[in-house]
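This is my_file.csv. It holds CSV, C-alpha atoms.
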chain,number,residue,atom,x,y,z
A,1,MET,CA,-6.4,-13.8,24.4
A,2,THR,CA,-5.8,-13.2,20.7
A,3,GLN,CA,-8.6,-12.9,18.2
A,4,ILE,CA,-7.6,-16.2,16.7
A,5,GLN,CA,-7.7,-18.0,20.1
A,6,GLU,CA,-11.2,-16.6,20.7
A,7,LEU,CA,-12.2,-17.7,17.2
A,8,THR,CA,-10.9,-21.2,17.9
A,9,ILE,CA,-13.0,-21.6,21.0
A,10,GLN,CA,-16.1,-20.2,19.3
A,11,LEU,CA,-15.8,-22.3,16.2
A,12,GLY,CA,-15.3,-25.4,18.3
A,13,GLN,CA,-18.7,-25.0,19.9
A,14,VAL,CA,-20.9,-23.8,17.0
A,15,ASN,CA,-23.1,-25.7,14.6
A,16,TYR,CA,-23.7,-23.3,11.7
A,17,GLU,CA,-26.2,-24.2,9.0
A,18,GLY,CA,-25.5,-27.9,9.7
A,19,HIS,CA,-21.8,-27.6,9.6
A,20,THR,CA,-19.3,-27.9,12.4
A,21,PHE,CA,-15.7,-26.7,12.4
A,22,ASN,CA,-12.6,-28.7,13.4
A,23,CYS,CA,-9.8,-26.4,14.4
A,24,LEU,CA,-6.1,-27.0,14.7
A,25,PRO,CA,-3.7,-24.2,15.5
A,26,ILE,CA,-0.6,-24.2,13.4
A,27,LEU,CA,2.5,-23.3,15.4
A,28,GLY,CA,4.9,-20.6,14.3
A,29,GLN,CA,5.8,-17.0,14.3
A,30,GLN,CA,2.6,-16.1,12.5
A,31,GLU,CA,-0.6,-17.1,14.2
A,32,VAL,CA,-2.5,-19.5,11.8
A,33,LEU,CA,-5.5,-21.7,12.5
A,34,GLN,CA,-6.4,-24.6,10.3
A,35,VAL,CA,-10.2,-25.0,10.1
A,36,ILE,CA,-11.9,-28.1,8.5
A,37,VAL,CA,-15.6,-27.6,7.7
A,38,SER,CA,-17.6,-30.8,8.2
A,39,GLU,CA,-19.0,-32.2,4.9
A,40,LEU,CA,-16.4,-30.1,3.1
A,41,ASP,CA,-13.3,-31.7,4.7
A,42,ALA,CA,-11.2,-32.2,1.6
A,43,MET,CA,-10.3,-28.5,1.6
A,44,PRO,CA,-8.9,-27.3,4.9
A,45,ILE,CA,-8.9,-23.5,5.4
A,46,PHE,CA,-6.1,-21.6,7.0
A,47,VAL,CA,-7.1,-18.5,8.9
A,48,THR,CA,-4.6,-15.6,9.7
A,49,ILE,CA,-5.5,-12.4,11.4
A,50,THR,CA,-3.5,-9.2,10.5
A,51,ASP,CA,-3.9,-5.6,11.8
A,52,THR,CA,-6.7,-5.0,9.5
A,53,GLN,CA,-8.0,-8.2,8.0
A,54,ILE,CA,-9.2,-11.8,8.8
A,55,LEU,CA,-7.7,-13.8,5.9
A,56,CYS,CA,-9.1,-17.2,5.1
A,57,ILE,CA,-7.1,-19.2,2.6
A,58,THR,CA,-7.5,-22.6,1.0
A,59,TYR,CA,-4.6,-24.0,-1.1
A,60,LEU,CA,-6.0,-25.4,-4.4
A,61,CYS,CA,-2.8,-26.8,-5.9
A,62,LYS,CA,0.8,-26.1,-6.6
A,63,GLN,CA,1.6,-24.1,-9.8
A,64,ALA,CA,3.6,-27.1,-10.9
A,65,GLU,CA,0.5,-29.2,-11.0
A,66,VAL,CA,-0.9,-27.2,-13.9
A,67,GLN,CA,-0.1,-28.1,-17.4
A,68,PRO,CA,2.6,-25.6,-18.3
A,69,ASP,CA,1.3,-24.7,-21.7
A,70,ARG,CA,-2.2,-23.9,-20.3
A,71,THR,CA,-1.2,-21.7,-17.3
A,72,ALA,CA,-2.0,-18.5,-19.1
A,73,GLU,CA,-5.5,-19.8,-20.1
A,74,LEU,CA,-6.1,-21.0,-16.5
A,75,ASN,CA,-5.0,-17.6,-15.1
A,76,LYS,CA,-7.3,-15.8,-17.4
A,77,ASN,CA,-10.2,-18.0,-16.5
A,78,MET,CA,-9.6,-17.5,-12.8
A,79,LEU,CA,-9.6,-13.7,-13.3
A,80,GLU,CA,-12.9,-13.9,-15.2
A,81,LEU,CA,-14.5,-16.1,-12.6
A,82,ASN,CA,-13.3,-14.0,-9.7
A,83,VAL,CA,-16.1,-11.5,-9.4
A,84,ALA,CA,-18.8,-14.2,-9.7
A,85,MET,CA,-17.4,-16.4,-6.9
A,86,PRO,CA,-19.3,-15.4,-3.8
A,87,LEU,CA,-17.1,-13.9,-0.9
A,88,SER,CA,-13.9,-15.5,-2.3
A,89,SER,CA,-11.2,-14.8,-4.9
A,90,PHE,CA,-8.5,-16.6,-6.6
A,91,ALA,CA,-4.9,-15.7,-6.0
A,92,ILE,CA,-1.3,-17.0,-6.1
A,93,VAL,CA,0.7,-17.2,-2.9
A,94,GLU,CA,4.3,-18.4,-3.3
A,95,ASP,CA,4.0,-21.7,-5.3
A,96,TYR,CA,0.3,-22.2,-4.7
A,97,TYR,CA,-2.9,-21.3,-6.4
A,98,VAL,CA,-5.3,-20.3,-3.6
A,99,VAL,CA,-8.9,-19.3,-3.0
A,100,PHE,CA,-9.2,-16.8,-0.2
A,101,GLY,CA,-11.7,-14.6,1.5
A,102,ALA,CA,-10.6,-11.3,3.3
A,103,MET,CA,-12.8,-9.8,6.0
A,104,ALA,CA,-12.5,-6.7,8.2
A,105,THR,CA,-11.3,-7.6,11.7
A,106,SER,CA,-14.5,-6.1,13.0
A,107,SER,CA,-16.6,-8.8,11.2
A,108,SER,CA,-19.1,-10.7,13.4
A,109,PHE,CA,-18.6,-14.4,14.3
A,110,ASP,CA,-21.6,-15.3,12.1
A,111,ASP,CA,-19.9,-13.6,9.2
A,112,VAL,CA,-16.8,-15.6,9.8
A,113,CYS,CA,-18.8,-18.9,9.8
A,114,LYS,CA,-20.5,-17.9,6.6
A,115,GLU,CA,-17.2,-17.0,5.0
A,116,LEU,CA,-15.6,-20.4,6.0
A,117,ILE,CA,-18.5,-22.5,4.6
A,118,THR,CA,-18.7,-20.5,1.5
A,119,LEU,CA,-15.0,-20.6,1.0
A,120,ALA,CA,-14.8,-24.4,1.4
A,121,SER,CA,-17.7,-24.8,-1.1
A,122,ASN,CA,-16.1,-22.4,-3.5
A,123,ALA,CA,-12.8,-24.4,-3.2
A,124,TYR,CA,-14.7,-27.6,-4.1
A,125,ASP,CA,-16.2,-25.9,-7.2
A,126,ALA,CA,-12.9,-24.4,-8.1
A,127,LEU,CA,-11.1,-27.7,-7.9
A,128,GLU,CA,-13.6,-29.3,-10.3
A,129,ALA,CA,-13.3,-26.3,-12.6
A,130,ILE,CA,-9.5,-26.5,-12.8
A,131,GLU,CA,-9.4,-30.3,-13.1
A,132,GLU,CA,-8.9,-30.2,-16.9
A,133,TYR,CA,-5.8,-28.0,-16.5
A,134,LEU,CA,-4.0,-30.4,-14.2
A,135,VAL,CA,-1.0,-32.3,-15.3
B,1,MET,CA,-0.7,5.0,-3.5
B,2,SER,CA,3.0,5.9,-3.9
B,3,GLY,CA,3.5,2.6,-5.8
B,4,VAL,CA,3.5,0.2,-2.9
B,5,LEU,CA,1.8,-2.5,-5.0
B,6,ASN,CA,4.4,-2.0,-7.7
B,7,LYS,CA,7.2,-2.4,-5.2
B,8,ILE,CA,5.7,-5.7,-3.9
B,9,TRP,CA,5.3,-6.8,-7.5
B,10,THR,CA,8.9,-6.2,-8.3
B,11,ALA,CA,10.0,-7.9,-5.2
B,12,LEU,CA,7.8,-11.0,-5.9
B,13,ARG,CA,9.2,-11.2,-9.5
B,14,GLY,CA,12.6,-11.0,-8.0
B,15,GLY,CA,11.8,-14.1,-5.9
B,16,VAL,CA,12.1,-12.2,-2.6
B,17,ARG,CA,10.9,-14.4,0.3
B,18,GLU,CA,11.0,-11.8,3.1
B,19,MET,CA,8.6,-9.2,1.9
B,20,GLY,CA,9.0,-6.9,4.9
B,21,ASP,CA,12.8,-6.8,4.4
B,22,ALA,CA,12.4,-6.2,0.7
B,23,ILE,CA,10.2,-3.2,1.2
B,24,VAL,CA,12.4,-1.9,4.0
B,25,ASP,CA,15.4,-2.2,1.8
B,26,SER,CA,13.6,-0.3,-0.9
B,27,ASN,CA,13.0,2.4,1.7
B,28,GLY,CA,9.4,1.6,2.1
B,29,ILE,CA,8.2,0.6,5.5
B,30,ARG,CA,10.5,2.7,7.7
B,31,ILE,CA,9.8,5.8,5.7
B,32,PHE,CA,6.1,5.1,6.0
B,33,GLU,CA,6.3,4.5,9.7
B,34,GLN,CA,8.4,7.6,10.3
B,35,GLU,CA,6.0,9.7,8.2
B,36,ILE,CA,3.0,8.4,10.1
B,37,ILE,CA,4.7,9.3,13.4
B,38,ASP,CA,5.6,12.7,12.1
B,39,ALA,CA,2.1,13.3,10.8
B,40,LYS,CA,0.6,12.3,14.1
B,41,ASP,CA,3.0,14.7,16.0
B,42,SER,CA,2.1,17.5,13.6
B,43,ILE,CA,-1.6,16.8,14.1
B,44,GLN,CA,-1.1,17.0,17.9
B,45,GLN,CA,0.9,20.3,17.5
B,46,ALA,CA,-1.7,21.7,15.1
B,47,LYS,CA,-4.5,20.8,17.6
B,48,THR,CA,-2.7,22.6,20.4
B,49,ASN,CA,-2.2,25.7,18.2
B,50,LEU,CA,-5.8,25.5,17.1
B,51,THR,CA,-7.2,25.7,20.6
B,52,GLU,CA,-5.0,28.6,21.4
B,53,VAL,CA,-5.9,30.5,18.2
B,54,MET,CA,-9.6,29.7,18.7
B,55,ALA,CA,-9.4,31.0,22.2
B,56,ARG,CA,-7.8,34.3,21.0
B,57,LYS,CA,-10.4,34.6,18.3
B,58,MET,CA,-13.2,34.3,20.8
B,59,GLN,CA,-11.6,36.9,23.0
B,60,ALA,CA,-11.3,39.3,20.1
B,61,GLU,CA,-14.9,38.6,19.1
B,62,ARG,CA,-16.1,39.3,22.6
B,63,LYS,CA,-14.2,42.7,22.5
B,64,VAL,CA,-15.9,43.5,19.2
B,65,SER,CA,-19.4,42.8,20.5
B,66,LYS,CA,-18.7,44.8,23.6
B,67,LEU,CA,-17.4,47.8,21.5
B,68,VAL,CA,-20.5,47.5,19.3
B,69,GLU,CA,-22.7,47.8,22.4
B,70,GLU,CA,-20.7,50.7,23.8
B,71,ILE,CA,-20.8,52.5,20.5
B,72,ARG,CA,-24.6,52.1,20.4
B,73,ASN,CA,-24.9,53.4,23.9
B,74,HIS,CA,-22.8,56.4,23.2
B,75,GLU,CA,-24.7,57.2,20.1
B,76,GLY,CA,-27.7,57.4,22.4
B,77,TYR,CA,-25.8,59.8,24.7
B,78,VAL,CA,-25.0,62.0,21.7
B,79,GLY,CA,-28.7,62.1,20.8
B,80,LYS,CA,-29.6,63.0,24.4
B,81,ALA,CA,-26.9,65.8,24.6
B,82,LEU,CA,-28.2,67.2,21.3
B,83,ASP,CA,-31.8,67.1,22.7
B,84,ASN,CA,-30.5,69.2,25.6
B,85,ASN,CA,-28.8,71.5,23.1
B,86,ASP,CA,-25.4,70.7,24.7
B,87,GLU,CA,-23.4,70.7,21.4
B,88,ALA,CA,-20.1,70.6,23.3
B,89,LEU,CA,-20.9,67.5,25.3
B,90,ALA,CA,-22.3,65.8,22.1
B,91,LEU,CA,-19.0,66.5,20.4
B,92,GLU,CA,-17.0,65.1,23.2
B,93,VAL,CA,-19.0,61.9,23.3
B,94,ALA,CA,-18.8,61.7,19.5
B,95,GLY,CA,-15.0,61.9,19.9
B,96,LYS,CA,-15.1,58.9,22.2
B,97,ILE,CA,-17.2,57.0,19.6
B,98,ALA,CA,-14.5,57.7,17.0
B,99,THR,CA,-11.8,56.2,19.3
B,100,MET,CA,-14.0,53.2,19.9
B,101,GLU,CA,-14.8,52.7,16.3
B,102,ALA,CA,-11.0,52.8,15.5
B,103,GLU,CA,-10.5,50.1,18.2
B,104,LYS,CA,-13.3,48.0,16.8
B,105,GLY,CA,-11.7,48.2,13.4
B,106,GLU,CA,-8.5,46.8,14.9
B,107,GLN,CA,-10.3,44.0,16.7
B,108,ASP,CA,-12.2,43.2,13.4
B,109,ALA,CA,-8.9,42.8,11.6
B,110,ILE,CA,-7.6,40.5,14.4
B,111,VAL,CA,-10.7,38.3,14.2
B,112,ARG,CA,-10.3,38.1,10.4
B,113,ARG,CA,-6.6,37.1,10.7
B,114,LEU,CA,-7.4,34.5,13.4
B,115,THR,CA,-10.3,33.1,11.3
B,116,GLY,CA,-7.8,32.6,8.5
B,117,GLN,CA,-5.4,30.8,10.9
B,118,VAL,CA,-8.1,28.5,12.2
B,119,GLU,CA,-8.9,27.5,8.6
B,120,GLN,CA,-5.3,26.9,7.8
B,121,LEU,CA,-4.7,24.7,10.9
B,122,LYS,CA,-7.9,22.7,10.1
B,123,ALA,CA,-6.7,22.1,6.6
B,124,HIS,CA,-3.3,21.1,7.9
B,125,ILE,CA,-4.9,18.6,10.2
B,126,ARG,CA,-7.1,17.2,7.5
B,127,LYS,CA,-4.1,16.8,5.2
B,128,ALA,CA,-2.1,15.0,7.9
B,129,GLU,CA,-5.0,12.7,8.7
B,130,LYS,CA,-5.3,11.8,5.1
B,131,LEU,CA,-1.6,11.1,4.9
B,132,ILE,CA,-1.8,8.8,7.9
B,133,ALA,CA,-4.8,6.9,6.5
B,134,ASP,CA,-3.0,6.4,3.1
B,135,HIS,CA,0.2,5.3,4.7
B,136,GLU,CA,-1.5,3.0,7.1
B,137,ARG,CA,-3.3,1.3,4.2
B,138,GLU,CA,-0.1,1.0,2.3
B,139,LEU,CA,1.7,-0.4,5.4
B,140,SER,CA,-1.1,-2.9,5.8
B,141,ILE,CA,-0.7,-4.1,2.2
B,142,VAL,CA,3.0,-4.8,2.9
B,143,ARG,CA,2.3,-6.4,6.3
B,144,THR,CA,-0.5,-8.5,4.8
B,145,THR,CA,1.8,-9.8,2.0
B,146,GLU,CA,4.4,-10.6,4.6
B,147,SER,CA,1.8,-12.4,6.9
B,148,VAL,CA,0.4,-14.4,4.1
B,149,GLN,CA,3.9,-15.5,3.0
B,150,LYS,CA,4.8,-16.5,6.5
B,151,ALA,CA,1.5,-18.3,7.1
B,152,THR,CA,1.9,-20.3,3.9
B,153,GLU,CA,5.5,-21.3,4.8
B,154,GLN,CA,4.3,-22.4,8.2
B,155,VAL,CA,1.3,-24.3,6.8
B,156,VAL,CA,3.6,-26.2,4.4
B,157,GLU,CA,6.1,-27.0,7.1
B,158,ASN,CA,3.7,-27.8,9.9
B,159,VAL,CA,1.3,-29.8,7.8
B,160,ALA,CA,4.1,-32.1,6.7
B,161,ALA,CA,5.2,-32.5,10.3
B,162,ASN,CA,1.7,-33.2,11.5
B,163,ASN,CA,1.1,-35.8,8.9
B,164,SER,CA,-2.1,-34.0,7.7
B,165,THR,CA,-0.8,-33.3,4.2
B,166,LEU,CA,-1.6,-30.4,2.1
B,167,ASN,CA,-3.1,-32.4,-0.7
B,168,THR,CA,-2.4,-32.1,-4.4
B,169,ALA,CA,-5.4,-31.0,-6.4
B,170,ARG,CA,-5.7,-34.6,-7.8
B,171,GLN,CA,-5.8,-36.0,-4.2
B,172,SER,CA,-8.4,-33.4,-3.1
B,173,LEU,CA,-10.5,-34.1,-6.2
B,174,GLU,CA,-10.4,-37.9,-5.6
B,175,ARG,CA,-11.4,-37.3,-2.0
B,176,ILE,CA,-14.3,-35.1,-3.1
B,177,LYS,CA,-15.4,-37.5,-5.7
B,178,ALA,CA,-15.2,-40.5,-3.3
B,179,HIS,CA,-17.3,-38.5,-0.9
B,180,GLN,CA,-19.9,-37.6,-3.6
B,181,GLU,CA,-20.1,-41.2,-4.8
B,182,MET,CA,-20.6,-42.4,-1.2
B,183,ARG,CA,-23.4,-39.9,-0.8
B,184,GLN,CA,-25.0,-40.9,-4.1
B,185,ASP,CA,-24.8,-44.6,-3.1
B,186,GLN,CA,-26.4,-43.8,0.2
B,187,LEU,CA,-29.1,-41.9,-1.6
B,188,GLU,CA,-29.8,-44.7,-4.0
B,189,ALA,CA,-29.7,-47.3,-1.2
B,190,GLY,CA,-32.2,-45.2,0.7
B,191,GLU,CA,-34.5,-45.0,-2.3
B,192,LEU,CA,-34.2,-48.7,-2.9
B,193,LEU,CA,-35.1,-49.4,0.7
B,194,ASP,CA,-38.1,-47.1,0.5
B,195,LYS,CA,-39.4,-48.9,-2.6
B,196,GLU,CA,-39.0,-52.3,-1.1
B,197,LEU,CA,-40.7,-51.3,2.1
B,198,SER,CA,-43.6,-49.7,0.3
B,199,GLY,CA,-44.0,-52.5,-2.1
B,200,GLY,CA,-43.3,-50.1,-5.0
B,201,ASP,CA,-40.6,-52.4,-6.2
B,202,LEU,CA,-42.9,-55.4,-6.8
B,203,ASP,CA,-45.4,-53.2,-8.6
B,204,SER,CA,-42.8,-51.9,-11.0
B,205,LYS,CA,-41.5,-55.4,-11.6
B,206,LEU,CA,-45.0,-56.6,-12.5
B,207,GLU,CA,-45.5,-53.6,-14.8
B,208,GLU,CA,-42.2,-54.4,-16.5
B,209,ALA,CA,-43.3,-57.9,-17.0
B,210,GLY,CA,-46.6,-56.8,-18.6
B,211,ILE,CA,-48.5,-58.5,-15.9
B,212,LYS,CA,-49.9,-55.6,-14.0
B,213,GLY,CA,-50.9,-52.1,-14.6
B,214,GLU,CA,-51.5,-52.1,-18.4
B,215,THR,CA,-54.6,-50.0,-19.2
B,216,ALA,CA,-56.8,-51.0,-22.1
B,217,THR,CA,-56.7,-48.7,-25.1
B,218,ALA,CA,-59.7,-47.5,-27.1
B,219,THR,CA,-58.8,-50.0,-29.9
B,220,ASP,CA,-58.7,-52.8,-27.5
B,221,ILE,CA,-62.1,-52.0,-26.1
B,222,LEU,CA,-63.6,-51.5,-29.6
B,223,ALA,CA,-62.1,-54.9,-30.6
B,224,ARG,CA,-63.6,-56.5,-27.5
B,225,ILE,CA,-67.1,-55.1,-28.2
B,226,LYS,CA,-67.0,-56.1,-31.8
B,227,ALA,CA,-66.0,-59.6,-30.9
B,228,SER,CA,-68.9,-59.9,-28.4
B,229,LYS,CA,-71.4,-58.7,-31.1
B,230,GLN,CA,-70.4,-61.5,-33.6

Please go through the file and, once you have read it, give me the structure as structure tokens.
Amino acid sequence: MTQIQELTIQLGQVNYEGHTFNCLPILGQQEVLQVIVSELDAMPIFVTITDTQILCITYLCKQAEVQPDRTAELNKNMLELNVAMPLSSFAIVEDYYVVFGAMATSSSFDDVCKELITLASNAYDALEAIEEYLV
Amino acid sequence: MSGVLNKIWTALRGGVREMGDAIVDSNGIRIFEQEIIDAKDSIQQAKTNLTEVMARKMQAERKVSKLVEEIRNHEGYVGKALDNNDEALALEVAGKIATMEAEKGEQDAIVRRLTGQVEQLKAHIRKAEKLIADHERELSIVRTTESVQKATEQVVENVAANNSTLNTARQSLERIKAHQEMRQDQLEAGELLDKELSGGDLDSKLEEAGIKGETATATDILARIKASKQ
């Protein structure tokens, strides 16, 4: 059983700090798990496990959704906020602005739960913070 | 670091989709992987050599300590021969000591040479281990970039197929706000219900209407007393 499959089973059963996790495996060459945190269900998280890391990613918006003349300002603001944002960072993947958390593959299940909830909360905050930059 | 981040950056700016291929094309991944394999082989070789050299060093050290003991014993014999005034025997034993000391000198030199070799081999192993760690980290950077790209492509495709859309920021925000409003409404409804059930609502209405709850001020009281005196 892969680490993602194990995680799927564990997440399906746990109630962590009042949250539950709704998991949906995404089919394809790369193993990806969609996780929706209860009460924070507007921002699904996509989990990928590589050789060295557990990567948890939420897709904030497409780059095209940002007012073109304010992109530089938004990018700078995101860099400035990055360190303060607990357990997560801003990034760009392909066409998307994302918020993500990277953990060692040896992280405990509790750590993963904490990461997922924190990440979803951060994504909520981040969306509100970038609202004024949207087209 | 050997510029792996820089290579990825260049590839991304060039709009490359398959990161792994891009880095392979720029002679990245395969060279790393080969170097890791080579470094692991050379560590294995160095470890085999190391055990051999260490074994030979231990042998030489044993010889040295045995010679030291023998020399000490023979020095005792010389003393005893001299005590017996047997100068000739003493000289003969001293001759043997000289041979043994020469041999000890040779063995000392061997120990020194082998100690040097042990240090060299250990340094070689440390260097190879560091190279492996560096390259594995660099490879993981490339592989992670690749995995994240693939994952994102799959998410975009699959999510569309499964009808569970990857929302635009506006849609997500609306959903969040609707949820927050709902919560706020629930909260307010709860408070309203509490007030009604505890009669707090009637009290506040009476207060608002000036019917209940007004406390007399000092001026009011003074006015009342004055009026009763008249």

Pick from A:Ser107, A:Cys113, A:Tyr124, A:Val32, whichever lies nearest to Gln180 in chain B using all atoms listed in the file: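 Looking at the shortest contact to Gln180 in chain B, the residue is A:Tyr124.
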
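Taking CA of Asn82 in chain A and CA of Ile117 in chain A as endpoints, the distance between them is 17.4 Å.
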
Please list as a JSON list (two decimals) with C-alpha atoms, keeping the file's coordinate frame every residue within 9 Å of Gly28 in chain A, counting only C-alpha atoms and excluding residues in the same chain fewer than 4 positions away.
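Output below, filename part.json:
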[["chain", "number", "residue", "atom", "x", "y", "z"],
["A", 32, "VAL", "CA", -2.50, -19.50, 11.80],
["B", 150, "LYS", "CA", 4.80, -16.50, 6.50],
["B", 151, "ALA", "CA", 1.50, -18.30, 7.10],
["B", 154, "GLN", "CA", 4.30, -22.40, 8.20],
["B", 158, "ASN", "CA", 3.70, -27.80, 9.90]]

Taking 6 positions as the minimum chain separation for residues in the same chain, which residues sit within 12 Å of Lys127 in chain B when counting only C-alpha atoms? Answer as a VMD selection string. chain B and resid 39 to 40 42 to 43 46 120 to 121 133 to 134

Would you please work out which residue, of B:Leu187, B:Ala209, B:Val142, B:Leu173, is nearest to chain A when using all atoms listed in the file? B:Leu173

Considering all atoms listed in the file, tabulate each residue of chain B that lies at most 8 Å from chain A along with its nearest interatomic pair and the corresponding distance in Å to one decimal; arrange the rows by chain and ascending residue number and present them as JSON lines.
{"residue": "B:Ser140", "atom": "CA", "partner": "A:Thr52", "partner_atom": "CA", "distance": 7.0}
{"residue": "B:Arg143", "atom": "CA", "partner": "A:Thr50", "partner_atom": "CA", "distance": 7.7}
{"residue": "B:Thr144", "atom": "CA", "partner": "A:Thr50", "partner_atom": "CA", "distance": 6.5}
{"residue": "B:Ser147", "atom": "CA", "partner": "A:Gln30", "partner_atom": "CA", "distance": 6.8}
{"residue": "B:Val148", "atom": "CA", "partner": "A:Val93", "partner_atom": "CA", "distance": 7.5}
{"residue": "B:Gln149", "atom": "CA", "partner": "A:Val93", "partner_atom": "CA", "distance": 6.9}
{"residue": "B:Lys150", "atom": "CA", "partner": "A:Gln30", "partner_atom": "CA", "distance": 6.4}
{"residue": "B:Ala151", "atom": "CA", "partner": "A:Gln30", "partner_atom": "CA", "distance": 5.9}
{"residue": "B:Thr152", "atom": "CA", "partner": "A:Val93", "partner_atom": "CA", "distance": 7.6}
{"residue": "B:Gln154", "atom": "CA", "partner": "A:Gly28", "partner_atom": "CA", "distance": 6.4}
{"residue": "B:Val155", "atom": "CA", "partner": "A:Ile26", "partner_atom": "CA", "distance": 6.9}
{"residue": "B:Asn158", "atom": "CA", "partner": "A:Ile26", "partner_atom": "CA", "distance": 6.6}
{"residue": "B:Leu166", "atom": "CA", "partner": "A:Tyr59", "partner_atom": "CA", "distance": 7.8}
{"residue": "B:Asn167", "atom": "CA", "partner": "A:Cys61", "partner_atom": "CA", "distance": 7.6}
{"residue": "B:Thr168", "atom": "CA", "partner": "A:Cys61", "partner_atom": "CA", "distance": 5.5}
{"residue": "B:Ala169", "atom": "CA", "partner": "A:Cys61", "partner_atom": "CA", "distance": 5.0}
{"residue": "B:Arg170", "atom": "CA", "partner": "A:Glu131", "partner_atom": "CA", "distance": 7.8}
{"residue": "B:Ser172", "atom": "CA", "partner": "A:Ala42", "partner_atom": "CA", "distance": 5.6}
{"residue": "B:Leu173", "atom": "CA", "partner": "A:Leu127", "partner_atom": "CA", "distance": 6.6}
{"residue": "B:Arg175", "atom": "CA", "partner": "A:Ala42", "partner_atom": "CA", "distance": 6.2}
{"residue": "B:Ile176", "atom": "CA", "partner": "A:Ala42", "partner_atom": "CA", "distance": 6.3}

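Compared by their closest atoms to Leu119 in chain A, and using all atoms listed in the file, the residues A:Gln63, A:Ser89, A:Gln10, A:Ser106 rank with A:Ser89 nearest.
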
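When all atoms listed in the file are used to compute distances to Ile92 in chain A, the closest of the residues A:Ala120, A:Ile36, A:Leu79, A:Leu11 turns out to be A:Leu79.
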
To one decimal place in Å, what is the distance between CA of Gln34 in chain B and CA of Val53 in chain B?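 Straight-line distance from CA of Gln34 in chain B to CA of Val53 in chain B works out to 28.1 Å.
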
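Here CA of Leu12 in chain B is placed at a distance of 22.5 Å from CA of Ser88 in chain A.
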
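The neighbours of Ala90 in chain B here are the residues that come within 8 Å of it, using only C-alpha atoms and leaving out any residue fewer than 6 positions away in the same chain; they are B:Tyr77, B:Val78, B:Gly79, B:Ala81, B:Leu82.
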
Nearest to Ala129 in chain A: which of A:Met78, A:Leu24, A:Gln3, A:Arg70 is it, counting all atoms listed in the file?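 Distance minimum relative to Ala129 in chain A lands on A:Met78.
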
9 Å contact set for range 62-68 of chain B, all atoms listed in the file, chain neighbours under 5 positions out, as a ChimeraX atom specification: /B:57,73,100-101,103-105,107-108,111

Using all atoms listed in the file, the best pick from B:Arg137, B:Lys226, B:Gly190, B:Leu114 as closest to Glu52 in chain B would be B:Leu114
